[in-house]
Amino acid sequence: MIIIAFDFGVKNIGVAVGQKYTKTGTALNVISAKNGKPNWNTIKNLLKDWDPKVAVVGLPLNMDGSRQNITKESEKFARLLKNKFNILVEMHDERLTTIEAKTIIFNNSGTKKHNEKKIHALSAVIILESWLNKDQIHI
């Protein structure tokens, strides 16, 4: 079963796909957004090409679990995704995924200069794999 994940951002939205059986994800690309509004045709084509059974959208929270300014925008993106494409959408805690993605990139390249697009795509992988490895998946 294929799952698609999104690391929502107001300028860039990272995308990854994975599957339930291996519990692994692969970064696909980054979709540009303008003020949080993606090109929905790009997302439509991704969903058509990959035919995922569920979409996982990262839920940005502060370390204490409180909401951030972007939390509402991420939830809006998830609702629109569900309504536009009639796909099951689940939100998943994405705390520390950006830091983890930056650390992985630094460890692999040895540079502190980060490519924002790579960070978003890798964050989507981390969100996806975290969701796949949670105790219960209801799909």
# chains A, B, ... in the order shown; residues from 1 in each chain; ligands from 1
>>> residues_around(residues="Ile87 (chain A)", least_positions_apart="2", cutoff="10 Å", atoms="only C-alpha atoms", output="ChimeraX atom specification")
/A:47,51-55,81-85,89-90
>>> write_last_selection(atoms="C-alpha atoms", output="PDB file, in the first residue's frame")
ATOM      1  CA  LEU A  47      -1.681  11.455  -6.690  1.00  0.00           C
ATOM      2  CA  ASP A  51      -2.206   6.295  -6.384  1.00  0.00           C
ATOM      3  CA  PRO A  52      -1.654   6.476  -2.606  1.00  0.00           C
ATOM      4  CA  LYS A  53      -4.254   5.107  -0.217  1.00  0.00           C
ATOM      5  CA  VAL A  54      -3.538   7.773   2.385  1.00  0.00           C
ATOM      6  CA  ALA A  55      -1.814  11.150   2.584  1.00  0.00           C
ATOM      7  CA  LEU A  81      -6.170  17.914   0.022  1.00  0.00           C
ATOM      8  CA  LYS A  82      -8.906  15.672   1.409  1.00  0.00           C
ATOM      9  CA  ASN A  83     -11.753  17.642  -0.162  1.00  0.00           C
ATOM     10  CA  LYS A  84     -10.177  18.186  -3.587  1.00  0.00           C
ATOM     11  CA  PHE A  85      -8.993  14.613  -4.117  1.00  0.00           C
ATOM     12  CA  VAL A  89      -5.614  12.410   5.116  1.00  0.00           C
ATOM     13  CA  GLU A  90      -3.936  12.053   8.484  1.00  0.00           C
TER      14      GLU A  90
END
>>> residues_around(residues="Asp7 (chain A)", least_positions_apart="6", cutoff="12 Å", atoms="only C-alpha atoms", output="mmCIF file with N, CA and C atoms, in the first residue's frame")
data_model
loop_
_atom_site.group_PDB
_atom_site.id
_atom_site.type_symbol
_atom_site.label_atom_id
_atom_site.label_comp_id
_atom_site.auth_asym_id
_atom_site.auth_seq_id
_atom_site.Cartn_x
_atom_site.Cartn_y
_atom_site.Cartn_z
ATOM 1 N N ILE A 13 6.721 22.857 -0.241
ATOM 2 C CA ILE A 13 6.055 21.703 0.351
ATOM 3 C C ILE A 13 6.827 20.460 -0.083
ATOM 4 N N GLY A 14 7.465 19.815 0.879
ATOM 5 C CA GLY A 14 8.217 18.603 0.581
ATOM 6 C C GLY A 14 7.273 17.432 0.381
ATOM 7 N N VAL A 15 7.641 16.524 -0.514
ATOM 8 C CA VAL A 15 6.800 15.373 -0.831
ATOM 9 C C VAL A 15 7.642 14.100 -0.776
ATOM 10 N N ALA A 16 7.079 13.063 -0.176
ATOM 11 C CA ALA A 16 7.723 11.753 -0.129
ATOM 12 C C ALA A 16 6.661 10.682 -0.319
ATOM 13 N N VAL A 17 7.088 9.528 -0.786
ATOM 14 C CA VAL A 17 6.194 8.374 -0.880
ATOM 15 C C VAL A 17 6.850 7.200 -0.167
ATOM 16 N N ALA A 27 12.166 10.447 -0.820
ATOM 17 C CA ALA A 27 11.858 11.828 -1.179
ATOM 18 C C ALA A 27 11.543 11.910 -2.669
ATOM 19 N N LEU A 28 10.495 12.631 -3.003
ATOM 20 C CA LEU A 28 10.148 12.831 -4.410
ATOM 21 C C LEU A 28 10.658 14.177 -4.886
ATOM 22 N N ASN A 29 10.029 15.223 -4.398
ATOM 23 C CA ASN A 29 10.414 16.563 -4.833
ATOM 24 C C ASN A 29 9.844 17.586 -3.885
ATOM 25 N N VAL A 30 9.939 18.818 -4.267
ATOM 26 C CA VAL A 30 9.376 19.918 -3.498
ATOM 27 C C VAL A 30 8.467 20.704 -4.426
ATOM 28 N N ILE A 31 7.288 20.991 -3.942
ATOM 29 C CA ILE A 31 6.322 21.775 -4.699
ATOM 30 C C ILE A 31 6.419 23.210 -4.197
ATOM 31 N N SER A 32 6.588 24.136 -5.108
ATOM 32 C CA SER A 32 6.598 25.542 -4.722
ATOM 33 C C SER A 32 5.194 25.984 -4.359
ATOM 34 N N ALA A 33 5.122 26.872 -3.386
ATOM 35 C CA ALA A 33 3.832 27.413 -2.962
ATOM 36 C C ALA A 33 3.963 28.928 -2.845
ATOM 37 N N GLY A 36 1.489 29.649 0.915
ATOM 38 C CA GLY A 36 0.872 28.398 1.336
ATOM 39 C C GLY A 36 -0.041 27.762 0.315
ATOM 40 N N ALA A 55 -2.778 10.049 2.597
ATOM 41 C CA ALA A 55 -1.814 11.150 2.584
ATOM 42 C C ALA A 55 -1.556 11.555 4.030
ATOM 43 N N VAL A 56 -0.303 11.732 4.365
ATOM 44 C CA VAL A 56 0.083 12.156 5.705
ATOM 45 C C VAL A 56 0.642 13.569 5.580
ATOM 46 N N VAL A 57 0.125 14.465 6.389
ATOM 47 C CA VAL A 57 0.569 15.849 6.374
ATOM 48 C C VAL A 57 1.184 16.150 7.738
ATOM 49 N N GLY A 58 2.377 16.726 7.710
ATOM 50 C CA GLY A 58 3.046 17.070 8.954
ATOM 51 C C GLY A 58 2.280 18.124 9.735
ATOM 52 N N LEU A 59 2.167 17.901 11.045
ATOM 53 C CA LEU A 59 1.490 18.830 11.941
ATOM 54 C C LEU A 59 2.544 19.575 12.750
ATOM 55 N N PRO A 60 2.789 20.839 12.413
ATOM 56 C CA PRO A 60 3.814 21.598 13.127
ATOM 57 C C PRO A 60 3.326 22.048 14.504
ATOM 58 N N ILE A 70 1.952 28.438 11.910
ATOM 59 C CA ILE A 70 1.781 27.665 10.682
ATOM 60 C C ILE A 70 0.878 26.437 10.869
ATOM 61 N N THR A 71 0.561 26.094 12.103
ATOM 62 C CA THR A 71 -0.269 24.910 12.356
ATOM 63 C C THR A 71 -1.605 25.009 11.633
ATOM 64 N N GLU A 73 -2.372 26.757 9.001
ATOM 65 C CA GLU A 73 -2.175 26.678 7.553
ATOM 66 C C GLU A 73 -1.958 25.225 7.103
ATOM 67 N N SER A 74 -1.227 24.471 7.894
ATOM 68 C CA SER A 74 -0.987 23.065 7.579
ATOM 69 C C SER A 74 -2.292 22.264 7.638
ATOM 70 N N GLU A 75 -3.110 22.560 8.633
ATOM 71 C CA GLU A 75 -4.415 21.888 8.750
ATOM 72 C C GLU A 75 -5.329 22.268 7.584
ATOM 73 N N PHE A 77 -4.299 23.082 4.561
ATOM 74 C CA PHE A 77 -3.771 22.330 3.426
ATOM 75 C C PHE A 77 -4.295 20.892 3.462
ATOM 76 N N ALA A 78 -4.274 20.266 4.633
ATOM 77 C CA ALA A 78 -4.750 18.881 4.767
ATOM 78 C C ALA A 78 -6.235 18.774 4.416
ATOM 79 N N MET A 91 -3.029 13.784 9.875
ATOM 80 C CA MET A 91 -2.005 14.716 10.337
ATOM 81 C C MET A 91 -1.063 13.936 11.257
ATOM 82 N N HIS A 92 0.238 14.287 11.205
ATOM 83 C CA HIS A 92 1.210 13.593 12.051
ATOM 84 C C HIS A 92 2.221 14.593 12.608
ATOM 85 N N ASP A 93 2.461 14.500 13.879
ATOM 86 C CA ASP A 93 3.390 15.382 14.592
ATOM 87 C C ASP A 93 4.733 15.426 13.866
ATOM 88 N N GLU A 94 5.173 16.639 13.558
ATOM 89 C CA GLU A 94 6.436 16.766 12.823
ATOM 90 C C GLU A 94 7.517 17.466 13.647
ATOM 91 N N ARG A 95 7.353 17.509 14.965
ATOM 92 C CA ARG A 95 8.360 18.177 15.798
ATOM 93 C C ARG A 95 9.743 17.601 15.554
ATOM 94 N N THR A 97 11.546 17.447 12.929
ATOM 95 C CA THR A 97 11.900 16.848 11.636
ATOM 96 C C THR A 97 12.871 17.719 10.845
ATOM 97 N N THR A 98 12.712 19.037 10.913
ATOM 98 C CA THR A 98 13.628 19.916 10.183
ATOM 99 C C THR A 98 15.034 19.808 10.740
ATOM 100 N N ALA A 101 16.419 16.520 9.584
ATOM 101 C CA ALA A 101 16.760 16.575 8.156
ATOM 102 C C ALA A 101 18.062 17.343 7.952
ATOM 103 N N GLU A 116 17.236 24.389 1.041
ATOM 104 C CA GLU A 116 15.900 24.353 1.646
ATOM 105 C C GLU A 116 14.999 23.305 1.010
ATOM 106 N N LYS A 117 15.123 23.121 -0.288
ATOM 107 C CA LYS A 117 14.268 22.134 -0.950
ATOM 108 C C LYS A 117 14.613 20.724 -0.498
ATOM 109 N N LYS A 118 15.901 20.433 -0.344
ATOM 110 C CA LYS A 118 16.292 19.106 0.145
ATOM 111 C C LYS A 118 15.790 18.888 1.566
ATOM 112 N N ILE A 119 15.823 19.942 2.368
ATOM 113 C CA ILE A 119 15.361 19.830 3.755
ATOM 114 C C ILE A 119 13.880 19.480 3.788
ATOM 115 N N HIS A 120 13.064 20.155 2.983
ATOM 116 C CA HIS A 120 11.624 19.870 2.970
ATOM 117 C C HIS A 120 11.325 18.458 2.475
ATOM 118 N N ALA A 121 12.001 18.031 1.431
ATOM 119 C CA ALA A 121 11.763 16.682 0.901
ATOM 120 C C ALA A 121 12.182 15.627 1.920
ATOM 121 N N LEU A 122 13.334 15.819 2.563
ATOM 122 C CA LEU A 122 13.789 14.862 3.567
ATOM 123 C C LEU A 122 12.897 14.904 4.803
ATOM 124 N N SER A 123 12.408 16.074 5.165
ATOM 125 C CA SER A 123 11.465 16.171 6.281
ATOM 126 C C SER A 123 10.191 15.383 5.983
ATOM 127 N N ALA A 124 9.736 15.408 4.733
ATOM 128 C CA ALA A 124 8.560 14.622 4.349
ATOM 129 C C ALA A 124 8.828 13.130 4.531
ATOM 130 N N VAL A 125 10.039 12.688 4.218
ATOM 131 C CA VAL A 125 10.413 11.278 4.431
ATOM 132 C C VAL A 125 10.365 10.954 5.918
ATOM 133 N N ILE A 126 10.913 11.831 6.736
ATOM 134 C CA ILE A 126 10.949 11.600 8.180
ATOM 135 C C ILE A 126 9.533 11.550 8.754
ATOM 136 N N ILE A 127 8.676 12.458 8.313
ATOM 137 C CA ILE A 127 7.274 12.451 8.747
ATOM 138 C C ILE A 127 6.622 11.134 8.351
ATOM 139 N N LEU A 128 6.821 10.721 7.113
ATOM 140 C CA LEU A 128 6.228 9.485 6.600
ATOM 141 C C LEU A 128 6.706 8.262 7.381
#
>>> select_by_dssp(residues="region 41-95 of chain A", states="strand (DSSP E)", output="PyMOL selection string")
chain A and resi 54-59+88-93
>>> closest_residue(among="A:Lys23, A:Phe6, A:Leu88, A:Lys34", to="Lys134 (chain A)", atoms="only C-alpha atoms")
A:Lys23
>>> atom_distance(atom1="CA of Thr22 (chain A)", atom2="CA of Thr42 (chain A)")
26.5 Å
>>> atom_distance(atom1="CA of Leu80 (chain A)", atom2="CA of Tyr21 (chain A)")
27.8 Å
